[in-house]
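**Q** Sharing a structure with you now.
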Amino acid sequence: MQTTKLFFTIIIFILIGIFLLVKGKQPNDETQIVLPIITSVTSNPEDRPDVNPNNIEITYENDKYVIDYLQIPKRAKLNLIANFEEKESGLTLANKFNCDYAINGGFYQKNDKPLGLFITNGEKYGELTASSIANGFFWEDKNGDRFIGKNLPVDFNKQQFILQTGPYIHAGEYKLKMVRDEKSRRMLLAVDSGNLLYFVSIYMKDSLYEGPYLSDVPNIFSKEEVQKKLKINSLLNLDGGTASFFYMKGNQSYYILSELTSIGSLFCLNNPRN
């Protein structure tokens with residue numbers, strides 16, 4: 001009888017030991033899901049004193065926005081880099097091509113093809129398309145002259161790159177007519193009254209991936225507080241929202257608005273070295 005009790009006692013201890021061992025190997029419910037941390041955000045001037053773009057803060061219809069802008073020197077080298085298949089991150093591309101400034105390009109489709117004409121370094125990635133949205137063009141000829149507008153160059157073979165995107169926007173007190181619109185971070189190319197070119201981003205001050213309705217962009221850039229610093233005449237809309245990227249390199253660090261989804265292309269600027 002005592003032997004039987006001892007046997008059952010040993011069995012019970014073995015079962016308790018197995019239970020504790022299995023329980024100890026199970027992950028804690030609070031640590032099973034680990035989400036990636038987004039570390040690429042706008043720079044704090046106190047943290048990165050050597051690298052900050054010009055910026056304007058504006059309140060429009062009760063929302064606070066930040067406009068970052070970088071003037072593109074005429075002598076700077078500007079490349080349009082395709083990233084439709086490679087899907088490298090904006091920061092990877094900026095580092096690879098040693099960009100001083102960078103901004104994403106135009107829209108691309110689900111088949112990883114650009115929405116509209118896309119030519120760079122003699123290679124065509126996308127064909128010209130009729131579109132009420134992608135109704136503008138940005139190109140640079142082989143002499144380094146750059147143009148933004150609704151017209152195309154006569155000879156494509158004489159161009160370093162051509163990008164179709166849009167809409168092409170005149171700054172003014174009006175709203176664009178849009179079938180669908182949402183509040184998203186916007187990336188734009190802009191031309192001022194002196195015919196100087198800029199990389200421009202606009203986003204909500206308290207939400208990096210949100211921004212104004214596209215229909216409100218003409219009105220916002222016509223406001224006095226913007227025009228005092230940036231006398232914009234026209235703008236060309238690029239891809240935005242989570243597929244947008246804005247970058248400025250400093251001496252020791254960099255300023256970045258990173259993407260959450262792949263950018264289809266990148267404008268990479270290399271400043272002239274004296």
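Here, A, B, ... name the chains of the structure tokens in the order displayed, residue numbers run from 1 inside each chain, and ligands are numbered from 1 in the same displayed order.
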Identify all residues of region 3-248 of chain A in alpha helix (DSSP H) (DSSP on the backbone) and supply them as a PyMOL selection string.
**A** chain A and resi 3-25+90-96+217-220+224-227
**Q** Could you write out that same residue set with C-alpha atoms as a CSV table (one decimal), in the first residue's frame?
**A**
```
chain,number,residue,atom,x,y,z
A,3,THR,CA,4.6,1.5,-2.3
A,4,THR,CA,1.4,2.5,-4.3
A,5,LYS,CA,1.2,5.8,-2.4
A,6,LEU,CA,4.8,6.5,-3.1
A,7,PHE,CA,4.4,5.7,-6.8
A,8,PHE,CA,1.4,8.1,-7.1
A,9,THR,CA,3.3,10.8,-5.2
A,10,ILE,CA,6.3,10.6,-7.6
A,11,ILE,CA,3.9,10.7,-10.6
A,12,ILE,CA,2.2,13.9,-9.2
A,13,PHE,CA,5.6,15.6,-8.7
A,14,ILE,CA,6.7,14.7,-12.2
A,15,LEU,CA,3.4,16.1,-13.7
A,16,ILE,CA,3.8,19.3,-11.7
A,17,GLY,CA,7.4,19.7,-12.9
A,18,ILE,CA,6.4,19.2,-16.6
A,19,PHE,CA,3.6,21.8,-16.1
A,20,LEU,CA,5.9,24.4,-14.7
A,21,LEU,CA,8.5,23.7,-17.4
A,22,VAL,CA,6.0,24.2,-20.2
A,23,LYS,CA,4.5,27.3,-18.6
A,24,GLY,CA,8.0,28.8,-18.2
A,25,LYS,CA,8.6,28.5,-21.9
A,90,GLY,CA,14.7,56.6,-49.5
A,91,LEU,CA,17.5,56.8,-46.9
A,92,THR,CA,19.3,53.9,-48.6
A,93,LEU,CA,19.1,55.7,-52.0
A,94,ALA,CA,20.1,59.0,-50.4
A,95,ASN,CA,23.2,57.4,-48.9
A,96,LYS,CA,24.0,55.3,-52.0
A,217,VAL,CA,-2.9,73.6,-51.6
A,218,PRO,CA,-3.3,76.6,-54.0
A,219,ASN,CA,-5.0,78.6,-51.2
A,220,ILE,CA,-2.4,77.7,-48.5
A,224,GLU,CA,0.5,86.1,-46.7
A,225,GLU,CA,2.5,84.3,-44.1
A,226,VAL,CA,3.7,81.9,-46.7
A,227,GLN,CA,4.3,84.5,-49.5
```
**Q** Quick one: everything within 7 Å of region 257-271 of chain A, counting only C-alpha atoms, minus sequence neighbours fewer than 6 positions away in the same chain. Send it as a PDB file with C-alpha atoms, in the first residue's frame.
**A**
```pdb
ATOM      1  CA  SER A  40      13.007  58.669 -38.930  1.00  0.00           C
ATOM      2  CA  VAL A  41      11.170  61.855 -38.019  1.00  0.00           C
ATOM      3  CA  THR A  42      11.671  65.556 -38.365  1.00  0.00           C
ATOM      4  CA  ALA A  76      23.574  71.646 -58.550  1.00  0.00           C
ATOM      5  CA  LYS A  77      23.447  68.211 -60.154  1.00  0.00           C
ATOM      6  CA  LEU A  78      19.951  66.724 -60.103  1.00  0.00           C
ATOM      7  CA  ASN A  79      19.218  63.071 -60.887  1.00  0.00           C
ATOM      8  CA  LEU A  80      15.922  61.213 -61.182  1.00  0.00           C
ATOM      9  CA  ILE A  81      16.422  57.687 -59.828  1.00  0.00           C
ATOM     10  CA  ALA A  82      13.957  54.887 -60.633  1.00  0.00           C
ATOM     11  CA  ASN A  83      13.042  52.649 -57.695  1.00  0.00           C
ATOM     12  CA  PHE A  84       9.992  50.786 -59.015  1.00  0.00           C
ATOM     13  CA  LYS A  87      12.074  49.188 -53.683  1.00  0.00           C
ATOM     14  CA  SER A  89      14.289  52.862 -48.870  1.00  0.00           C
ATOM     15  CA  ALA A  94      20.140  59.014 -50.442  1.00  0.00           C
ATOM     16  CA  CYS A  99      22.471  63.133 -51.989  1.00  0.00           C
ATOM     17  CA  ASP A 100      22.623  66.518 -50.281  1.00  0.00           C
ATOM     18  CA  TYR A 101      18.865  66.980 -50.763  1.00  0.00           C
ATOM     19  CA  ALA A 102      16.282  64.444 -51.873  1.00  0.00           C
ATOM     20  CA  ILE A 103      12.551  64.184 -52.434  1.00  0.00           C
ATOM     21  CA  ASN A 104      10.383  61.404 -53.843  1.00  0.00           C
ATOM     22  CA  GLY A 105       9.149  61.490 -57.432  1.00  0.00           C
ATOM     23  CA  PHE A 107       3.019  58.298 -58.639  1.00  0.00           C
ATOM     24  CA  TYR A 108       3.324  54.633 -59.533  1.00  0.00           C
ATOM     25  CA  THR A 242       2.970  57.298 -46.636  1.00  0.00           C
ATOM     26  CA  ALA A 243       4.847  57.000 -49.966  1.00  0.00           C
ATOM     27  CA  SER A 244       6.639  60.317 -49.549  1.00  0.00           C
ATOM     28  CA  PHE A 245      10.222  61.141 -48.590  1.00  0.00           C
ATOM     29  CA  PHE A 246      12.113  64.373 -47.878  1.00  0.00           C
ATOM     30  CA  TYR A 247      15.785  64.570 -46.959  1.00  0.00           C
TER      31      TYR A 247
END
```
**Q** If we count only C-alpha atoms, what is near Gly106 (chain A) at a cut-off of 8 Å, once residues fewer than 3 positions away on the same chain are taken out, given as a PDB file with C-alpha atoms, in the first residue's frame?
**A**
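Contents of the output file around_12.pdb:
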```
ATOM      1  CA  PRO A 114       5.023  54.894 -63.164  1.00  0.00           C
ATOM      2  CA  LEU A 115       1.755  56.687 -63.776  1.00  0.00           C
ATOM      3  CA  LEU A 163       8.671  63.194 -65.212  1.00  0.00           C
ATOM      4  CA  GLN A 164       4.910  63.356 -65.686  1.00  0.00           C
ATOM      5  CA  THR A 165       3.038  64.001 -62.437  1.00  0.00           C
ATOM      6  CA  GLY A 166       0.550  66.416 -60.960  1.00  0.00           C
ATOM      7  CA  ASN A 237       2.400  67.758 -56.955  1.00  0.00           C
ATOM      8  CA  LEU A 238       4.409  64.580 -56.351  1.00  0.00           C
ATOM      9  CA  ASP A 239       3.474  61.357 -54.603  1.00  0.00           C
ATOM     10  CA  GLY A 264       8.701  54.741 -56.832  1.00  0.00           C
ATOM     11  CA  SER A 265      11.490  57.185 -57.588  1.00  0.00           C
TER      12      SER A 265
END
```
**Q** Could you check which of A:Leu214, A:Thr120, A:Phe138, A:Asp192 is closest to Lys228 (chain A), using only C-alpha atoms?
**A** A:Asp192
**Q** Measuring atom to atom with only C-alpha atoms, identify which of A:Ser201, A:Ser215, A:Ser132, A:Thr59 is nearest to Leu188 (chain A).
**A**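 Closest residue, counting only C-alpha atoms: A:Ser201.
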**Q** Can you tell me, as an NGL selection string, what residues are no more than 9 Å from Ile148 (chain A) when counting only C-alpha atoms, ignoring any on the same chain fewer than 5 positions away?
**A** :A and (136-139 or 168 or 189-191 or 234-236)
**Q** Quick one, how far is CA of Gly194 (chain A) from CA of Lys158 (chain A)?
**A** 25.3 Å
